[in-house]
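Student: Coordinates in protein-v7.txt, compact mmCIF, C-alpha atoms, are listed below.
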# COMPACT_ATOMS: atom_id res chain seq x y z
CA MET O 1 -31.97 -73.79 -101.80
CA ILE O 2 -29.81 -76.93 -102.36
CA SER O 3 -27.05 -75.03 -104.14
CA SER O 4 -26.88 -72.45 -101.35
CA VAL O 5 -26.52 -75.22 -98.80
CA HIS O 6 -23.51 -76.67 -100.58
CA TRP O 7 -21.88 -73.20 -101.00
CA ARG O 8 -22.19 -71.85 -97.42
CA PRO O 9 -19.50 -74.07 -95.75
CA ALA O 10 -16.84 -73.06 -98.25
CA SER O 11 -17.68 -69.36 -97.92
CA LEU O 12 -17.67 -69.63 -94.12
CA ALA O 13 -14.20 -71.18 -94.11
CA LEU O 14 -12.87 -68.41 -96.35
CA LEU O 15 -14.31 -65.73 -94.11
CA ILE O 16 -12.70 -67.30 -91.03
CA MET O 17 -9.26 -67.28 -92.68
CA VAL O 18 -9.60 -63.64 -93.74
CA ALA O 19 -10.70 -62.64 -90.24
CA ALA O 20 -7.75 -64.44 -88.64
CA CYS O 21 -5.30 -62.62 -90.90
CA SER O 22 -6.98 -59.31 -90.19
CA HIS O 23 -6.82 -59.81 -86.37
CA GLY O 24 -3.17 -60.75 -86.50
CA SER O 25 -2.21 -57.74 -88.58
CA GLY O 26 -4.33 -55.43 -86.39
CA ALA O 27 -2.86 -56.81 -83.22
CA GLU O 28 0.63 -56.31 -84.51
CA GLY O 29 -0.07 -52.80 -85.67
CA GLY O 30 -2.01 -52.01 -82.48
CA GLY O 31 0.86 -53.21 -80.33
CA GLN O 32 3.29 -50.98 -82.11
CA GLY O 33 0.96 -48.02 -81.99
CA GLY O 34 0.26 -48.64 -78.28
CA GLY O 35 3.96 -48.68 -77.58
CA GLY O 36 4.27 -45.33 -79.25
CA GLY O 37 1.45 -43.88 -77.11
CA LYS O 38 3.01 -45.15 -73.83
CA SER O 39 6.34 -43.72 -74.83
CA GLY O 40 4.65 -40.36 -75.35
CA ARG O 41 3.16 -40.40 -71.81
CA GLY O 42 6.50 -41.28 -70.32
CA GLN O 43 8.08 -38.25 -71.91
CA ASN O 44 5.33 -35.87 -70.61
CA GLN O 45 5.34 -37.18 -66.97
CA GLY O 46 7.41 -35.07 -64.51
CA PRO O 47 7.55 -34.17 -60.77
CA PRO O 48 4.13 -33.51 -59.17
CA GLU O 49 2.97 -29.93 -58.92
CA VAL O 50 2.28 -28.65 -55.38
CA GLY O 51 0.98 -25.33 -54.11
CA PHE O 52 2.56 -23.51 -51.18
CA VAL O 53 1.99 -20.46 -48.97
CA VAL O 54 4.68 -18.31 -47.40
CA VAL O 55 4.11 -17.98 -43.63
CA GLN O 56 5.05 -15.03 -41.47
CA PRO O 57 4.81 -14.64 -37.68
CA THR O 58 1.68 -12.94 -36.41
CA SER O 59 -0.24 -12.30 -33.22
CA ALA O 60 -2.55 -15.18 -32.27
CA PRO O 61 -4.81 -15.00 -29.23
CA GLN O 62 -4.89 -17.96 -26.88
CA GLU O 63 -8.60 -18.46 -26.38
CA ALA O 64 -10.10 -20.69 -23.73
CA GLU O 65 -13.61 -22.09 -23.51
CA LEU O 66 -14.42 -23.24 -19.99
CA SER O 67 -17.50 -24.25 -18.07
CA GLY O 68 -18.95 -21.86 -15.54
CA ARG O 69 -21.89 -21.25 -13.27
CA THR O 70 -23.69 -18.04 -12.45
CA ALA O 71 -23.85 -16.65 -8.92
CA ALA O 72 -25.63 -13.64 -7.45
CA TYR O 73 -23.60 -10.45 -7.15
CA GLU O 74 -24.98 -10.02 -3.63
CA SER O 75 -27.06 -12.44 -1.58
CA SER O 76 -28.55 -11.91 1.84
CA ASP O 77 -30.88 -13.84 4.13
CA VAL O 78 -33.69 -11.92 5.78
CA ARG O 79 -33.53 -12.94 9.44
CA PRO O 80 -35.34 -11.62 12.53
CA GLN O 81 -33.28 -9.80 15.15
CA VAL O 82 -35.97 -10.21 17.84
CA GLY O 83 -38.50 -12.90 18.63
CA GLY O 84 -42.21 -12.64 18.26
CA VAL O 85 -45.25 -13.39 16.13
CA ILE O 86 -45.35 -12.09 12.55
CA GLN O 87 -48.29 -9.71 12.22
CA ARG O 88 -47.89 -8.58 8.59
CA ARG O 89 -45.89 -9.32 5.45
CA LEU O 90 -45.14 -6.03 3.70
CA PHE O 91 -43.81 -7.16 0.31
CA LYS O 92 -44.84 -9.13 -2.77
CA GLU O 93 -42.84 -12.25 -3.44
CA GLY O 94 -40.51 -12.13 -6.45
CA THR O 95 -40.40 -8.33 -6.67
CA LEU O 96 -37.51 -5.91 -6.43
CA VAL O 97 -37.02 -4.51 -2.92
CA ARG O 98 -34.80 -1.65 -1.81
CA GLN O 99 -32.35 -1.62 1.05
CA GLY O 100 -34.12 -0.58 4.26
CA GLN O 101 -37.59 -1.31 2.91
CA PRO O 102 -39.88 -2.89 5.58
CA LEU O 103 -40.58 -6.55 4.84
CA TYR O 104 -42.18 -8.03 8.00
CA GLN O 105 -43.89 -6.59 11.03
CA ILE O 106 -43.41 -8.52 14.28
CA ASP O 107 -45.65 -7.96 17.31
CA SER O 108 -44.04 -4.97 19.08
CA SER O 109 -46.17 -4.64 22.23
CA LEU O 110 -43.63 -6.24 24.57
CA TYR O 111 -40.74 -4.25 23.11
CA ARG O 112 -42.67 -0.99 23.34
CA ALA O 113 -43.37 -1.70 27.01
CA ALA O 114 -39.71 -2.49 27.60
CA THR O 115 -38.78 0.79 25.97
CA ASN O 116 -41.16 2.73 28.22
CA GLN O 117 -39.78 0.98 31.29
CA ALA O 118 -36.21 1.79 30.28
CA ALA O 119 -37.17 5.43 29.80
CA ALA O 120 -38.71 5.55 33.28
CA ASN O 121 -35.63 3.95 34.84
CA LEU O 122 -33.48 6.56 33.15
CA GLN O 123 -35.58 9.36 34.59
CA ALA O 124 -35.31 7.89 38.08
CA ALA O 125 -31.57 7.54 37.75
CA GLN O 126 -31.27 11.12 36.54
CA ALA O 127 -33.25 12.37 39.55
CA ASN O 128 -31.12 10.39 41.99
CA ALA O 129 -27.95 11.59 40.29
CA GLU O 130 -29.11 15.19 40.58
CA ALA O 131 -29.86 14.83 44.33
CA THR O 132 -26.52 13.20 45.09
CA ARG O 133 -24.67 15.83 43.08
CA ILE O 134 -26.33 18.70 45.00
CA GLN O 135 -25.60 17.02 48.31
CA ALA O 136 -21.95 16.61 47.43
CA GLU O 137 -21.75 20.27 46.42
CA ARG O 138 -23.24 21.34 49.77
CA TYR O 139 -20.80 19.20 51.77
CA ALA O 140 -17.82 20.73 50.03
CA PRO O 141 -17.71 24.08 52.00
CA LEU O 142 -18.86 22.39 55.22
CA GLU O 143 -15.98 19.96 55.02
CA LYS O 144 -13.57 22.89 54.77
CA ILE O 145 -14.83 24.39 58.07
CA GLN O 146 -15.04 20.92 59.57
CA ALA O 147 -18.83 21.17 59.94
CA VAL O 148 -19.03 17.65 58.48
CA SER O 149 -16.47 14.96 58.67
CA LYS O 150 -14.27 14.10 55.72
CA GLN O 151 -15.86 10.66 55.55
CA GLU O 152 -19.32 12.12 55.12
CA TYR O 153 -18.06 14.39 52.35
CA THR O 154 -16.30 11.44 50.66
CA ASN O 155 -19.47 9.37 50.81
CA ALA O 156 -21.48 12.20 49.27
CA VAL O 157 -19.05 12.59 46.38
CA ALA O 158 -19.08 8.82 45.77
CA ALA O 159 -22.89 8.76 45.79
CA ALA O 160 -22.97 11.56 43.24
CA ARG O 161 -20.60 9.67 40.95
CA GLN O 162 -22.57 6.47 41.39
CA GLY O 163 -25.74 8.34 40.44
CA GLY O 164 -24.06 9.52 37.22
CA ALA O 165 -23.05 5.95 36.37
CA GLN O 166 -26.60 4.75 36.91
CA VAL O 167 -27.79 7.40 34.51
CA ALA O 168 -25.40 6.12 31.84
CA GLN O 169 -26.48 2.52 32.42
CA ASN O 170 -30.16 3.33 32.14
CA ARG O 171 -29.55 5.46 29.04
CA ALA O 172 -27.85 2.44 27.39
CA ALA O 173 -30.74 0.20 28.44
CA LEU O 174 -33.17 2.65 26.88
CA GLN O 175 -31.15 2.67 23.66
CA THR O 176 -31.19 -1.16 23.56
CA ALA O 177 -34.94 -1.20 24.11
CA ARG O 178 -35.45 1.27 21.29
CA ILE O 179 -33.29 -0.83 18.94
CA ASN O 180 -35.27 -3.97 19.78
CA LEU O 181 -38.47 -2.05 19.18
CA LYS O 182 -37.11 -0.94 15.81
CA PHE O 183 -36.21 -4.55 14.92
CA THR O 184 -39.84 -5.56 15.19
CA THR O 185 -40.04 -4.12 11.68
CA VAL O 186 -37.74 -6.38 9.62
CA PRO O 187 -36.05 -4.33 6.83
CA ALA O 188 -34.39 -5.46 3.58
CA PRO O 189 -30.62 -5.70 4.18
CA ILE O 190 -29.73 -5.14 0.50
CA THR O 191 -31.35 -4.05 -2.74
CA GLY O 192 -32.34 -6.96 -4.95
CA ARG O 193 -35.01 -9.42 -5.95
CA ILE O 194 -36.68 -11.17 -3.05
CA GLY O 195 -37.77 -14.79 -3.24
CA ARG O 196 -40.64 -16.59 -1.62
CA SER O 197 -41.49 -16.08 2.02
CA LEU O 198 -40.68 -19.11 4.16
CA PHE O 199 -42.85 -17.89 7.07
CA THR O 200 -46.45 -16.71 6.99
CA VAL O 201 -48.40 -14.30 9.11
CA GLY O 202 -48.94 -15.76 12.58
CA ALA O 203 -45.69 -17.71 12.64
CA LEU O 204 -43.49 -17.41 15.72
CA VAL O 205 -39.93 -16.41 14.84
CA SER O 206 -36.77 -15.95 16.88
CA PRO O 207 -33.20 -14.72 16.27
CA SER O 208 -31.79 -18.24 16.81
CA GLN O 209 -33.90 -20.01 14.18
CA THR O 210 -32.16 -21.91 11.36
CA ASP O 211 -34.27 -20.89 8.37
CA PRO O 212 -34.37 -17.30 7.14
CA LEU O 213 -37.63 -15.48 6.60
CA ALA O 214 -36.75 -14.95 2.91
CA GLN O 215 -33.73 -14.45 0.67
CA ILE O 216 -32.75 -11.42 -1.42
CA GLN O 217 -30.35 -11.61 -4.37
CA ARG O 218 -28.85 -8.81 -6.40
CA LEU O 219 -28.72 -9.97 -10.02
CA ASP O 220 -27.49 -6.87 -11.84
CA PRO O 221 -24.58 -7.19 -12.24
CA ILE O 222 -24.12 -10.94 -11.83
CA TYR O 223 -21.07 -13.15 -11.29
CA VAL O 224 -19.97 -16.16 -13.37
CA ASP O 225 -17.59 -18.56 -11.62
CA ILE O 226 -15.35 -20.22 -14.24
CA GLN O 227 -13.41 -23.42 -13.56
CA GLN O 228 -9.92 -23.78 -15.10
CA SER O 229 -7.54 -26.66 -14.47
CA ALA O 230 -4.49 -25.83 -12.40
CA ALA O 231 -2.23 -27.41 -15.04
CA ASP O 232 -3.49 -25.07 -17.78
CA LEU O 233 -3.07 -22.09 -15.48
CA LEU O 234 0.53 -23.07 -14.71
CA THR O 235 1.28 -23.45 -18.44
CA LEU O 236 -0.13 -20.01 -19.14
CA ARG O 237 1.90 -18.38 -16.39
CA ARG O 238 5.05 -20.12 -17.64
CA GLU O 239 4.47 -18.83 -21.17
CA LEU O 240 3.89 -15.32 -19.87
CA SER O 241 7.15 -15.41 -17.92
CA GLN O 242 9.21 -16.71 -20.88
CA GLY O 243 8.35 -13.83 -23.20
CA GLY O 244 6.71 -13.77 -26.61
CA VAL O 245 3.32 -14.11 -24.94
CA THR O 246 1.53 -11.12 -23.44
CA ALA O 247 -1.49 -10.99 -21.19
CA ALA O 248 -4.75 -10.14 -22.92
CA SER O 249 -7.72 -8.10 -21.79
CA ALA O 250 -10.12 -9.81 -19.45
CA ALA O 251 -13.17 -9.65 -21.75
CA VAL O 252 -15.38 -12.75 -21.50
CA ARG O 253 -18.20 -13.97 -23.75
CA LEU O 254 -20.89 -16.41 -22.67
CA VAL O 255 -22.72 -19.25 -24.39
CA LEU O 256 -25.98 -20.10 -22.64
CA GLU O 257 -27.41 -23.56 -21.98
CA ASP O 258 -29.56 -23.45 -25.12
CA GLY O 259 -26.51 -22.72 -27.31
CA SER O 260 -27.27 -19.02 -27.85
CA ASP O 261 -24.73 -16.26 -27.22
CA TYR O 262 -25.26 -13.84 -24.34
CA PRO O 263 -25.38 -10.34 -25.88
CA ALA O 264 -23.18 -8.56 -23.32
CA THR O 265 -19.54 -9.20 -22.50
CA GLY O 266 -18.07 -9.43 -19.01
CA THR O 267 -14.72 -8.91 -17.34
CA VAL O 268 -12.63 -11.20 -15.18
CA GLU O 269 -12.49 -9.84 -11.64
CA PHE O 270 -9.96 -12.16 -10.00
CA ALA O 271 -8.67 -15.72 -9.71
CA GLU O 272 -8.76 -17.57 -6.42
CA ALA O 273 -5.45 -18.33 -4.76
CA LEU O 274 -6.31 -21.94 -3.99
CA VAL O 275 -6.95 -25.15 -5.91
CA ASP O 276 -10.05 -27.24 -5.31
CA THR O 277 -8.72 -30.54 -3.97
CA SER O 278 -11.64 -32.54 -5.35
CA THR O 279 -11.51 -31.23 -8.93
CA GLY O 280 -7.99 -29.83 -9.33
CA THR O 281 -9.36 -26.56 -10.70
CA VAL O 282 -8.99 -22.87 -9.93
CA THR O 283 -12.03 -20.59 -9.90
CA LEU O 284 -11.99 -17.44 -12.02
CA ARG O 285 -14.77 -14.95 -11.30
CA ALA O 286 -16.17 -12.73 -14.05
CA ARG O 287 -18.79 -9.99 -13.78
CA PHE O 288 -21.54 -9.44 -16.37
CA PRO O 289 -24.26 -6.82 -16.74
CA ASN O 290 -27.72 -8.37 -16.36
CA GLY O 291 -30.18 -5.55 -16.81
CA GLN O 292 -32.72 -7.78 -18.58
CA GLY O 293 -32.53 -10.51 -15.95
CA VAL O 294 -31.61 -13.22 -18.48
CA LEU O 295 -28.99 -14.75 -16.20
CA LEU O 296 -30.23 -16.36 -13.01
CA PRO O 297 -28.13 -17.77 -10.17
CA GLY O 298 -27.17 -21.40 -10.64
CA MET O 299 -27.26 -21.50 -14.45
CA PHE O 300 -24.56 -23.48 -16.29
CA VAL O 301 -22.80 -21.54 -19.08
CA ARG O 302 -19.73 -21.75 -21.31
CA ALA O 303 -17.26 -18.88 -20.99
CA LYS O 304 -15.02 -17.89 -23.91
CA PHE O 305 -12.19 -15.47 -23.32
CA THR O 306 -8.66 -14.66 -24.45
CA GLN O 307 -6.12 -15.26 -21.72
CA ALA O 308 -2.98 -14.27 -23.64
CA ILE O 309 -1.68 -13.27 -27.07
CA ASN O 310 1.23 -15.13 -28.69
CA GLN O 311 3.26 -12.57 -30.65
CA ASN O 312 5.35 -15.15 -32.60
CA ALA O 313 2.77 -17.64 -33.83
CA PHE O 314 2.17 -18.84 -37.40
CA LEU O 315 -1.28 -19.39 -38.88
CA VAL O 316 -1.15 -22.44 -41.18
CA PRO O 317 -4.15 -23.69 -43.21
CA GLN O 318 -5.59 -26.79 -41.59
CA GLN O 319 -5.22 -28.97 -44.69
CA ALA O 320 -1.43 -28.51 -44.56
CA ILE O 321 -1.00 -30.31 -41.22
CA SER O 322 -1.42 -34.02 -40.61
CA ARG O 323 -1.09 -36.09 -37.44
CA ASP O 324 1.16 -39.08 -36.85
CA PRO O 325 -0.02 -42.10 -34.81
CA LYS O 326 1.22 -40.42 -31.62
CA GLY O 327 -0.73 -37.25 -32.32
CA GLY O 328 2.25 -35.15 -33.39
CA ALA O 329 1.72 -32.47 -36.05
CA THR O 330 3.73 -32.66 -39.30
CA LEU O 331 3.74 -30.66 -42.52
CA PHE O 332 5.69 -30.37 -45.77
CA LEU O 333 7.94 -27.45 -46.65
CA ILE O 334 9.63 -26.53 -49.91
CA GLY O 335 13.34 -27.11 -49.31
CA PRO O 336 16.04 -24.45 -49.82
CA GLU O 337 16.80 -25.70 -53.33
CA GLY O 338 13.17 -25.07 -54.28
CA ASN O 339 12.33 -28.43 -55.85
CA LYS O 340 12.11 -30.84 -52.94
CA ALA O 341 9.39 -31.44 -50.32
CA VAL O 342 10.82 -31.65 -46.79
CA GLN O 343 8.73 -33.00 -43.90
CA ARG O 344 8.92 -31.19 -40.57
CA THR O 345 7.42 -31.74 -37.12
CA VAL O 346 5.74 -28.68 -35.58
CA LYS O 347 3.75 -27.81 -32.48
CA ALA O 348 0.12 -27.01 -33.23
CA ASP O 349 -2.10 -27.38 -30.18
CA ARG O 350 -5.12 -25.27 -31.14
CA THR O 351 -7.02 -23.86 -34.07
CA GLN O 352 -8.12 -20.36 -34.94
CA GLY O 353 -10.87 -20.36 -37.52
CA LYS O 354 -9.62 -22.34 -40.55
CA TYR O 355 -5.98 -22.25 -39.40
CA TRP O 356 -3.77 -24.21 -37.07
CA VAL O 357 -1.78 -22.02 -34.67
CA VAL O 358 1.83 -23.23 -34.93
CA THR O 359 4.04 -22.07 -32.07
CA GLN O 360 7.18 -24.14 -32.74
CA GLY O 361 8.91 -25.57 -35.81
CA LEU O 362 8.54 -22.72 -38.32
CA LYS O 363 10.42 -19.53 -39.14
CA ALA O 364 9.56 -16.45 -41.14
CA GLY O 365 9.48 -17.04 -44.88
CA ASP O 366 8.99 -20.82 -44.82
CA LYS O 367 7.03 -22.19 -47.77
CA VAL O 368 4.36 -24.55 -46.44
CA VAL O 369 2.79 -26.98 -48.90
CA THR O 370 -1.00 -26.72 -48.81
CA GLN O 371 -2.03 -28.31 -52.14
CA GLY O 372 -1.07 -31.57 -53.81
CA LEU O 373 -0.45 -33.47 -50.57
CA ALA O 374 -2.30 -36.67 -51.47
CA GLN O 375 0.68 -38.71 -52.75
CA LEU O 376 3.50 -36.50 -51.47
CA LYS O 377 6.43 -38.24 -49.80
CA PRO O 378 9.37 -36.83 -47.78
CA ASN O 379 12.30 -35.54 -49.91
CA GLN O 380 10.32 -36.03 -53.13
CA GLN O 381 11.12 -33.87 -56.17
CA VAL O 382 8.24 -31.46 -56.78
CA LYS O 383 7.29 -28.51 -58.91
CA ALA O 384 6.40 -25.75 -56.42
CA VAL O 385 3.99 -22.98 -57.37
CA PRO O 386 2.10 -20.49 -55.19
CA ALA O 387 -1.15 -21.90 -53.85
CA ASN O 388 -4.28 -21.51 -56.01
CA THR O 389 -2.23 -20.87 -59.18
CA PRO O 390 -4.44 -21.62 -62.23
CA GLU O 391 -3.41 -24.81 -64.03
CA ARG O 392 -2.13 -24.26 -67.59
CA LEU O 393 -3.43 -26.83 -70.07
CA GLN O 394 -1.39 -27.26 -73.33
CA PRO O 395 -3.05 -28.76 -76.44
CA PRO O 396 -1.51 -32.04 -77.70
CA GLN O 397 1.06 -31.75 -80.54
CA GLN O 398 -0.26 -33.22 -83.80
CA GLY O 399 1.88 -35.77 -85.65
CA LYS O 400 3.85 -36.72 -82.54
CA GLY O 401 1.69 -39.78 -81.92
CA LYS O 402 2.10 -41.11 -85.44
CA GLY O 403 5.88 -40.84 -85.38
CA GLN O 404 6.04 -42.68 -82.09
CA GLY O 405 3.68 -45.37 -83.32
CA GLY O 406 6.24 -46.83 -85.77
CA GLY O 407 5.46 -48.18 -89.23
CA GLY O 408 1.80 -48.80 -88.51
CA GLN O 409 0.20 -46.64 -91.21
CA GLY O 410 -2.88 -48.81 -91.23
CA GLY O 411 -5.79 -48.71 -88.90
CA GLY O 412 -3.72 -50.32 -86.15
CA GLY O 413 -1.00 -47.63 -86.30
CA GLN O 414 -3.49 -44.78 -86.12
CA GLY O 415 -5.27 -46.39 -83.20
CA GLY O 416 -1.96 -46.64 -81.33
CA GLY O 417 -1.21 -42.96 -81.94
CA ARG O 418 -4.51 -41.87 -80.35
CA GLY O 419 -3.82 -44.16 -77.41
Take the structure in the file and give it back as structure tokens.
Tutor:
Amino acid sequence: MISSVHWRPASLALLIMVAACSHGSGAEGGGQGGGGGKSGRGQNQGPPEVGFVVVQPTSAPQEAELSGRTAAYESSDVRPQVGGVIQRRLFKEGTLVRQGQPLYQIDSSLYRAATNQAAANLQAAQANAEATRIQAERYAPLEKIQAVSKQEYTNAVAAARQGGAQVAQNRAALQTARINLKFTTVPAPITGRIGRSLFTVGALVSPSQTDPLAQIQRLDPIYVDIQQSAADLLTLRRELSQGGVTAASAAVRLVLEDGSDYPATGTVEFAEALVDTSTGTVTLRARFPNGQGVLLPGMFVRAKFTQAINQNAFLVPQQAISRDPKGGATLFLIGPEGNKAVQRTVKADRTQGKYWVVTQGLKAGDKVVTQGLAQLKPNQQVKAVPANTPERLQPPQQGKGKGQGGGGQGGGGQGGGRG
């Protein structure tokens, strides 16, 4: 125990000296070997590899998604043409009614009496006209032999003509009475779905009243009124007039309020020739089939349709285009020499699927960089390969690390070669 205590300090000092020598030699060898490894990386580093696609002009539709509101194809108020008390309601609320179908029955007793009176007046006028006509015919030969004076004959002829006029007047009065009698039965003016009745049996109605008896709406087909800004419409018309852009078919698709797609497509009927002063929009009207009654008047929808087709557009993958602080679109192209990335400003205002639609700034055959954009700078030397080219991995060359590591054959030199 005592001898080991006296020996341990000397052994500890010897071990510290050996360790110091070993660290110094290792550090020196490691530094040389590390230098050799760094030199090897510097020789392997070259221009960054980027992937590109070759773009060609194609046809790109200019789609618009605008807000709209449904409106009935036909709408009509059921109003009384004569006054009176409603005796019966002849329809069920909310059902489909046909044009001319009786809806209300108004008390017709007064109008039937008026019709009978008009018929009697007509008969009296016809009898008087017949008597005056016969008298005028009898005076005709007597006037020739001067048996009656010319004045008497003239008065007879005038009375006969007046009798004929009275017949015509009373015939018109009878026709009016019959029409009023017919109007006591209120018919459906159009075919469609009728709403609730605003007047009940026993209510007094008149032609001058403000509220209708009921309302009928034709819902198949149905209209959708679409609002488009006047500025967008002017831009579209300018593009159509300049060429390269052609008008598209007027097919319209709908997205309902719950986010679902309406199964049928519609067609644009017309665009109004005036701008709403309060909203600055123009109304486009589209017509849709509605056999199932899914669309109801007043619903808000989103309308998607293609207004035009650009014949000279380029479809560029979205990852290839970036935006500057002002919102301008830029991308990188492979320059004419083939080893330099050139930045270019383009016009890309809309997307189509996973592509940006570029309408200005590109030409056929341009090579657009789509991969390796993270650290790419303008006019940087690059190695351009087609996009999605598999990367080729080469195994490291043996012995090259040891030669670059210098004279470090020991553990330090080998460690530098692996680094």
Student: Using all atoms listed in the file, can you tell me which of O:Ala286, O:Leu110, O:Ala177, O:Ile190 comes closest to Arg218 of chain O?
Tutor: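 Comparing O:Ala286, O:Leu110, O:Ala177, O:Ile190 against Arg218 of chain O, the winner is O:Ile190.
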Student: Would you list the contacts of segment 155-168 of chain O as a PDB file with C-alpha atoms, in the frame of the given file, taking every protein, DNA or RNA residue within 12 Å and counting only C-alpha atoms, but skipping same-chain residues closer than 2 positions in sequence?
Tutor:
ATOM      1  CA  ALA O 118     -36.210   1.790  30.280  1.00  0.00           C
ATOM      2  CA  ALA O 119     -37.170   5.430  29.800  1.00  0.00           C
ATOM      3  CA  ALA O 120     -38.710   5.550  33.280  1.00  0.00           C
ATOM      4  CA  ASN O 121     -35.630   3.950  34.840  1.00  0.00           C
ATOM      5  CA  LEU O 122     -33.480   6.560  33.150  1.00  0.00           C
ATOM      6  CA  GLN O 123     -35.580   9.360  34.590  1.00  0.00           C
ATOM      7  CA  ALA O 124     -35.310   7.890  38.080  1.00  0.00           C
ATOM      8  CA  ALA O 125     -31.570   7.540  37.750  1.00  0.00           C
ATOM      9  CA  GLN O 126     -31.270  11.120  36.540  1.00  0.00           C
ATOM     10  CA  ALA O 127     -33.250  12.370  39.550  1.00  0.00           C
ATOM     11  CA  ASN O 128     -31.120  10.390  41.990  1.00  0.00           C
ATOM     12  CA  ALA O 129     -27.950  11.590  40.290  1.00  0.00           C
ATOM     13  CA  GLU O 130     -29.110  15.190  40.580  1.00  0.00           C
ATOM     14  CA  ALA O 131     -29.860  14.830  44.330  1.00  0.00           C
ATOM     15  CA  THR O 132     -26.520  13.200  45.090  1.00  0.00           C
ATOM     16  CA  ARG O 133     -24.670  15.830  43.080  1.00  0.00           C
ATOM     17  CA  ILE O 134     -26.330  18.700  45.000  1.00  0.00           C
ATOM     18  CA  GLN O 135     -25.600  17.020  48.310  1.00  0.00           C
ATOM     19  CA  ALA O 136     -21.950  16.610  47.430  1.00  0.00           C
ATOM     20  CA  GLU O 137     -21.750  20.270  46.420  1.00  0.00           C
ATOM     21  CA  ARG O 138     -23.240  21.340  49.770  1.00  0.00           C
ATOM     22  CA  TYR O 139     -20.800  19.200  51.770  1.00  0.00           C
ATOM     23  CA  ALA O 140     -17.820  20.730  50.030  1.00  0.00           C
ATOM     24  CA  GLU O 143     -15.980  19.960  55.020  1.00  0.00           C
ATOM     25  CA  VAL O 148     -19.030  17.650  58.480  1.00  0.00           C
ATOM     26  CA  SER O 149     -16.470  14.960  58.670  1.00  0.00           C
ATOM     27  CA  LYS O 150     -14.270  14.100  55.720  1.00  0.00           C
ATOM     28  CA  GLN O 151     -15.860  10.660  55.550  1.00  0.00           C
ATOM     29  CA  GLU O 152     -19.320  12.120  55.120  1.00  0.00           C
ATOM     30  CA  TYR O 153     -18.060  14.390  52.350  1.00  0.00           C
ATOM     31  CA  ASN O 170     -30.160   3.330  32.140  1.00  0.00           C
ATOM     32  CA  ARG O 171     -29.550   5.460  29.040  1.00  0.00           C
ATOM     33  CA  ALA O 172     -27.850   2.440  27.390  1.00  0.00           C
ATOM     34  CA  ALA O 173     -30.740   0.200  28.440  1.00  0.00           C
ATOM     35  CA  LEU O 174     -33.170   2.650  26.880  1.00  0.00           C
ATOM     36  CA  GLN O 175     -31.150   2.670  23.660  1.00  0.00           C
TER      37      GLN O 175
END
Student: Suppose you want the space between atom CA of Lys182 of chain O and atom CA of Pro207 of chain O; what is it in Å?
Tutor: 14.3 Å
Student: List every protein, DNA or RNA residue that has an atom no more than 9 Å from (-10.5, -19.4, -42.4) in the file's coordinate frame, counting only C-alpha atoms, and report them as a VMD selection string.
Tutor: chain O and resid 317 to 318 352 to 355
Student: Please produce a file of those selected residues containing C-alpha atoms, as a short mmCIF file (atom, residue, chain, number, x, y, z; two decimals), in the frame of the given file.
Tutor:
data_model
loop_
_atom_site.label_atom_id
_atom_site.label_comp_id
_atom_site.auth_asym_id
_atom_site.auth_seq_id
_atom_site.Cartn_x
_atom_site.Cartn_y
_atom_site.Cartn_z
CA PRO O 317 -4.15 -23.69 -43.21
CA GLN O 318 -5.59 -26.79 -41.59
CA GLN O 352 -8.12 -20.36 -34.94
CA GLY O 353 -10.87 -20.36 -37.52
CA LYS O 354 -9.62 -22.34 -40.55
CA TYR O 355 -5.98 -22.25 -39.40
#
Student: What gap, in Å, lies between atom CA of Glu272 of chain O and atom CA of Thr359 of chain O?
Tutor: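 Between atom CA of Glu272 of chain O and atom CA of Thr359 of chain O the gap works out to 29.0 Å.
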